[in-house]
Amino acid sequence: MDFEPNEEQRAIAEAVRGLLAQHAGPARAIELDRQRAYDDALADALRAAGFLGAELSGETGFLEAALVVEAVAKAGGVVSAGAETLVAAGVVGRSLAGPLALAVAGDTSPIRFGSCARTLLLDAGERARLVAVDPSWCDPVRSNFMLPLGRVRVPESAGETLAPGSGATLRRWWRLALAIECLGTLEGALDVTVEYVKRRRQFGRAIGSFQAIQHRLAQCAVQVEATRWLCYEAAARGAPEEASATAAAYASDTAHHVFRETHQLTGAMGYTREHDLHVFSMRLEALRVELGGTSAHRRAIARARWAAAS
Amino acid sequence: MEFEWADDDARFRQALRDFLAEALPPDWEEISRHGPGSDAQSAFSRGFCARLAERGWLTQSWPAEYGGADATPWRHAILSEEMWRCGEPRGSQYMNVNWIGPTLMKYGSEEQKRLHLDRISRGDVLWCQGFSEPEAGSDLVALRTLALRDGDDYVVNGSKIWTSYVNGAEYCFLLVRTDPESRRHKGISVLLAPMDAPGVEVREVPAVVGERYFHELFFRDARIPASTRLGPEGEGWAVVSYALAYERVGAMRYARAGLTLDALAEAARQRGRLDDPAVQEKLGAARAAVEASRLLSYRVIDLRARGSEPTADTNIARVAGTICENAVSDLALEIFGADALEYGSFAESYFRLAMTAGVAVGTTEINLNLIASRFLDLPRE
């Protein structure tokens with residue numbers, strides 16, 4: 001047991017943060033959202049540095065890959081880092097052409113990166129399917145949730161069906177990646193809110209000095225820290241079914257809680273496009289409904305731990 | 001970062017489980033349902049701790065200099081987990097090992113160390129703590145119990161409340177004000193008070209959380225030898241802060257919660273409710289809360305293993321621990337329904353045990369205050 005990053009982990013985190021400081025950040029996310037665009041430049045920069053794609057976890061480990069995915073989310077990056085770096089590594093063991101979107105077969109709801117995906121991993125129950133996407137299948141969806149969303153109409157026969165059991169493998173890696181993306185996004189939302197309540201003065205004092213506000217943010221911090229360790233442990237152990245479902249259930253529940261709390265505490269300013277909160281908060285709500293949302297992740301824990309029937 | 005147990009740690013856990021399987025009597029489950037302060041559990045803890053001591057496990061976390069084995073904080077956490085998991089057969093003696101002993105090592109005189117550490121190590125002495133007072137709960141530094149020096153003694157007047165584990169306790173880790181003119185953190189001292197001193201009276205405060213759970217201690221001109229003072233006169237706040245830093249994550253209560261939750265899932269299955277998606281969802285949510293509590297407690301152990309000063313991570317772990325216990329005990333009532341209303345039943349016993357989680361050892365609100373100031377760096381005014 002050891003909860004401190006080792007030298008390699010520290011170096012990776014520092015290097016990716018440096019890169020993200022140059023290429024990502026809330027201002028860039030807001031600009032990209034205006035254009036409803038994917039961040040190809042950031043994806044290229046990350047890939048060139050070895051921080052995007054399945055090879056990362058092969059060279060270091062899943063936990064190191066998770067730290068990179070977390071950092072991208074915390075910087076508001078508009079790239080499919082979780083899918084490309086963790087899910088592709090866990091499911092097919094090699095990099096897939098990005099943007100990489102994840103979807104449930106037969107579900108035609110909007111998906112993250114569905115507007116621009118080049119590759120799709122489909123949860124088709126027992127097996128997963130790997131599909132090279134024809135751009136004509138993608139139908140961008142207008143959305144306020146700060147991510148390029150779209151519907152992808154996949155022809156029945158398209159793609160390659162993977163081995164038996166690959167469906168379950170995809171779901172556990174998807175849950176882990178989702179949880180880690182929640183983690184980075186949660187940190188972003190909480191950080192900007194803590195900064196806001198320290199600066200914002202009313203009644204002659206910083207509103208962050210009021211106990212009513214302190215307790216709510218402290219409660220958020222407890223949940224964000226718990227999300228962190230649930231994610232790191234599940235990643236280090238290679239996304240076991242129960243641990244991944246646990247990380248996803250806890251992260252998505254926290255995502256919704258922190259969405260509500262950060263918007264309450266930043267008042268009207270938090271709703272504006274000039275304040276950074278919405279880059280993170282709106283994404284939290286998008287993440288928390290993915291793959292069935294909190295309820296589905298919780299039931300997945302019960303199935304994995306107590307063999308409850310679905 | 002590394003989230004697997006070292007092989008020898010895993011072997012230690014297994015050895016403990018083997019020992020427990022043999023050392024706990026067939027009616028242990030029944031005994032443990034009345035709570036660690038009950039007559040039966042207090043009595044059991046003496047023989048049990050002596051057996052732990054024989055194996056060198058009771059105070060393994062102590063330095064070799066004091067008869068311990070310099071076991072790592074991780075090894076100590078495994079012991080604590082396994083003990084809480086089965087209902088804490090050490091009774092109140094976990095306090096002796098976790099914080100009374102270490103505080104004595106840091107602040108005790110040679111004579112105090114000789115007198116107390118040896119008995120604690122043998123597992124045959126019970127302690128209680130005299131902290132809270134009717135007018136000093138969360139605001140502990142408002143304490144008023146007065147100890148005035150008279151020759152070789154202190155004459156103590158005042159009262160303590162919410163004291164647990166008084167059953168058979170020989171000593172009280174007692175917080176008093178030795179300077180009547182002092183206020184707040186200043187002028188406080190710690191006395192290692194013998195409970196049989198004349199002028200000390202114990203009265204149970206009957207409570208729904210268990211038998212012999214809460215007591216009031218009354219001190220009426222009680223003469224406590226000055227030689228029992230721990231640390232310099234008037235410097236007791238530093239002593240108690242040191243002790244509390246150890247105490248706050250001492251109890252690995254999520255271990256009990258996790259085991260209880262597994263039993264609740266099994267009960268749900270037997271009642272034909274495990275396939276109900278609503279029940280599955282609640283079980284899953286409670287499981288996530290247990291795991292959150294486990295990992296946040298591990299974070300504190302990790303910091304301690306590196307020799308870090310206590311941080312707000314301890315408060316974070318405490319808040320998560322309360323959420324975890326509440327989630328599991330809510331489900332206990334939900335799954336067992338009205339069967340959970342019977343005193344001493346499985347569900348009721350856990351519900352009762354968990355009921356004090358948000359208040360004991362510092363309320364959730366105090367922990368949130370400390371997280372806000374120390375972890376989030378939010379301003380005071």
# chains A, B, ... in the order shown; residues from 1 in each chain; ligands from 1
$ residues_around --residues "Tyr250 of chain A" --least-positions-apart "4" --cutoff "7 Å" --atoms "only C-alpha atoms" --output "list in words"
Thr227, Thr246 and Thr254 of chain A; Ala288 of chain B
$ write_last_selection --atoms "C-alpha atoms" --output "compact mmCIF listing (two decimals), in the first residue's frame"
# COMPACT_ATOMS: atom_id res chain seq x y z
CA THR A 227 -13.76 9.60 -5.99
CA THR A 246 -17.98 1.35 -7.61
CA THR A 254 -20.69 13.09 -6.84
CA ALA B 288 -19.65 2.55 -2.73
$ closest_atom_pairs --of "chain A" --to "chain B" --cutoff "6 Å" --atoms "only C-alpha atoms" --output "Markdown table"
| residue | atom | partner | partner_atom | distance |
| --- | --- | --- | --- | --- |
| A:Met1 | CA | B:Phe3 | CA | 4.9 |
| A:Asp2 | CA | B:Glu2 | CA | 4.8 |
| A:Phe3 | CA | B:Met1 | CA | 4.8 |
| A:Glu4 | CA | B:Met1 | CA | 5.2 |
| A:Pro5 | CA | B:Met1 | CA | 4.9 |
| A:Gly208 | CA | B:Leu378 | CA | 5.8 |
| A:Ser209 | CA | B:Pro379 | CA | 5.0 |
| A:Gln214 | CA | B:Ala372 | CA | 5.4 |
| A:His215 | CA | B:Leu368 | CA | 5.5 |
| A:Ala218 | CA | B:Ala372 | CA | 5.3 |
| A:Val222 | CA | B:Ile316 | CA | 5.4 |
| A:Ala226 | CA | B:Ala292 | CA | 5.1 |
| A:Glu233 | CA | B:Phe3 | CA | 5.9 |
| A:Thr246 | CA | B:Ala288 | CA | 5.3 |
| A:Ser295 | CA | B:Glu281 | CA | 5.9 |
| A:Arg298 | CA | B:Gly284 | CA | 4.3 |
| A:Arg299 | CA | B:Glu281 | CA | 4.9 |
| A:Ile301 | CA | B:Gly284 | CA | 5.1 |
| A:Ala302 | CA | B:Gly284 | CA | 5.2 |
| A:Ala308 | CA | B:Asp275 | CA | 5.9 |
| A:Ala309 | CA | B:Asp275 | CA | 5.5 |
$ residues_around --residues "segment 199-205 of chain B" --least-positions-apart "2" --cutoff "7 Å" --atoms "only C-alpha atoms" --output "PyMOL selection string"
chain B and resi 195-197+207+212+214-222
$ write_last_selection --atoms "N, CA and C atoms" --output "mmCIF file, in the first residue's frame"
data_model
loop_
_atom_site.group_PDB
_atom_site.id
_atom_site.type_symbol
_atom_site.label_atom_id
_atom_site.label_comp_id
_atom_site.auth_asym_id
_atom_site.auth_seq_id
_atom_site.Cartn_x
_atom_site.Cartn_y
_atom_site.Cartn_z
ATOM 1 N N MET B 195 -10.044 5.818 39.085
ATOM 2 C CA MET B 195 -11.498 5.925 39.216
ATOM 3 C C MET B 195 -11.976 5.622 40.629
ATOM 4 N N ASP B 196 -11.100 4.999 41.457
ATOM 5 C CA ASP B 196 -11.552 4.663 42.810
ATOM 6 C C ASP B 196 -11.191 5.756 43.822
ATOM 7 N N ALA B 197 -10.743 6.906 43.335
ATOM 8 C CA ALA B 197 -10.414 7.998 44.261
ATOM 9 C C ALA B 197 -11.692 8.444 44.979
ATOM 10 N N ALA B 207 -29.569 5.508 27.682
ATOM 11 C CA ALA B 207 -29.660 6.012 26.312
ATOM 12 C C ALA B 207 -30.090 4.899 25.373
ATOM 13 N N ARG B 212 -25.083 0.771 29.298
ATOM 14 C CA ARG B 212 -23.844 1.309 29.856
ATOM 15 C C ARG B 212 -23.037 2.079 28.804
ATOM 16 N N PHE B 214 -23.419 5.625 27.976
ATOM 17 C CA PHE B 214 -23.058 6.966 28.434
ATOM 18 C C PHE B 214 -23.086 7.036 29.954
ATOM 19 N N HIS B 215 -22.162 7.828 30.484
ATOM 20 C CA HIS B 215 -22.164 8.052 31.931
ATOM 21 C C HIS B 215 -21.836 9.501 32.216
ATOM 22 N N GLU B 216 -22.216 9.897 33.420
ATOM 23 C CA GLU B 216 -21.733 11.157 33.966
ATOM 24 C C GLU B 216 -20.738 10.821 35.054
ATOM 25 N N LEU B 217 -19.681 11.589 35.128
ATOM 26 C CA LEU B 217 -18.717 11.441 36.211
ATOM 27 C C LEU B 217 -18.813 12.706 37.053
ATOM 28 N N PHE B 218 -19.014 12.518 38.344
ATOM 29 C CA PHE B 218 -19.079 13.680 39.240
ATOM 30 C C PHE B 218 -17.838 13.693 40.119
ATOM 31 N N PHE B 219 -17.228 14.842 40.215
ATOM 32 C CA PHE B 219 -16.044 15.011 41.073
ATOM 33 C C PHE B 219 -16.423 15.998 42.169
ATOM 34 N N ARG B 220 -16.437 15.507 43.407
ATOM 35 C CA ARG B 220 -16.777 16.383 44.548
ATOM 36 C C ARG B 220 -15.621 16.350 45.532
ATOM 37 N N ASP B 221 -14.805 17.384 45.482
ATOM 38 C CA ASP B 221 -13.582 17.426 46.303
ATOM 39 C C ASP B 221 -12.782 16.135 46.165
ATOM 40 N N ALA B 222 -12.767 15.603 44.963
ATOM 41 C CA ALA B 222 -12.014 14.354 44.731
ATOM 42 C C ALA B 222 -10.519 14.667 44.799
#
$ atom_distance --atom1 "atom CA of Glu170 of chain B" --atom2 "atom CA of Ser61 of chain B"
23.4 Å
$ closest_residue --among "B:Gly87, B:Gly37, B:Gly130, B:Gly101" --to "Gln60 of chain B" --atoms "only C-alpha atoms"
B:Gly101
$ residues_around --residues "Ala23 of chain B" --least-positions-apart "3" --cutoff "10 Å" --atoms "only C-alpha atoms" --output "list of chain:residue names"
B:Arg17, B:Asp18, B:Phe19, B:Leu20, B:Pro26, B:Trp28, B:Gly47, B:Phe48, B:Arg51, B:Leu52, B:Pro89
$ write_last_selection --atoms "C-alpha atoms" --output "tab-separated table (two decimals), in the first residue's frame"
chain	number	residue	atom	x	y	z
B	17	ARG	CA	-8.51	-14.43	11.15
B	18	ASP	CA	-7.39	-17.92	12.08
B	19	PHE	CA	-6.80	-16.76	15.63
B	20	LEU	CA	-10.19	-15.05	15.84
B	26	PRO	CA	-19.68	-19.55	19.84
B	28	TRP	CA	-19.57	-14.04	20.58
B	47	GLY	CA	-9.09	-12.39	28.68
B	48	PHE	CA	-9.11	-11.69	24.96
B	51	ARG	CA	-4.32	-13.58	24.55
B	52	LEU	CA	-3.56	-10.95	21.90
B	89	PRO	CA	-13.51	-7.97	21.04
$ select_by_dssp --residues "segment 86-162 of chain A" --states "strand (DSSP E or B)" --output "VMD selection string"
chain A and resid 100 to 104 111 to 112 119 to 124 127 to 132 138 to 141 149 to 152 160 to 161
$ residues_around --residues "Leu186 of chain A" --least-positions-apart "6" --cutoff "8 Å" --atoms "only C-alpha atoms" --output "MDAnalysis selection string"
chainID A and resid 74 224 255 258 280:281 284
$ residues_around --residues "segment 235-245 of chain B" --least-positions-apart "3" --cutoff "7 Å" --atoms "only C-alpha atoms" --output "short mmCIF file (atom, residue, chain, number, x, y, z; two decimals) with C-alpha atoms, in the first residue's frame"
data_model
loop_
_atom_site.label_atom_id
_atom_site.label_comp_id
_atom_site.auth_asym_id
_atom_site.auth_seq_id
_atom_site.Cartn_x
_atom_site.Cartn_y
_atom_site.Cartn_z
CA TRP B 99 -3.85 6.73 21.77
CA ILE B 100 -3.54 6.48 25.54
CA THR B 103 0.35 9.82 24.44
CA HIS B 185 -6.85 26.49 25.46
CA GLY B 187 -4.62 26.45 31.83
CA ILE B 188 -5.81 22.94 30.93
CA SER B 189 -4.07 19.84 32.31
CA VAL B 190 -4.46 16.09 31.87
CA GLY B 231 2.76 16.64 30.93
CA PRO B 232 3.39 20.10 32.36
CA ARG B 248 -9.83 10.14 15.13
CA PRO B 310 -1.92 15.04 11.09
#
$ residues_around --residues "Glu88 of chain B" --least-positions-apart "5" --cutoff "9 Å" --atoms "only C-alpha atoms" --output "count of residues only"
9
$ select_by_dssp --residues "segment 67-228 of chain A" --states "alpha helix (DSSP H)" --output "VMD selection string"
chain A and resid 67 to 74 81 88 to 91 166 to 199 211 to 228
$ closest_residue --among "A:Ala37, A:Ala45, A:Val104, A:Ala24" --to "Glu290 of chain A" --atoms "only C-alpha atoms"
A:Val104
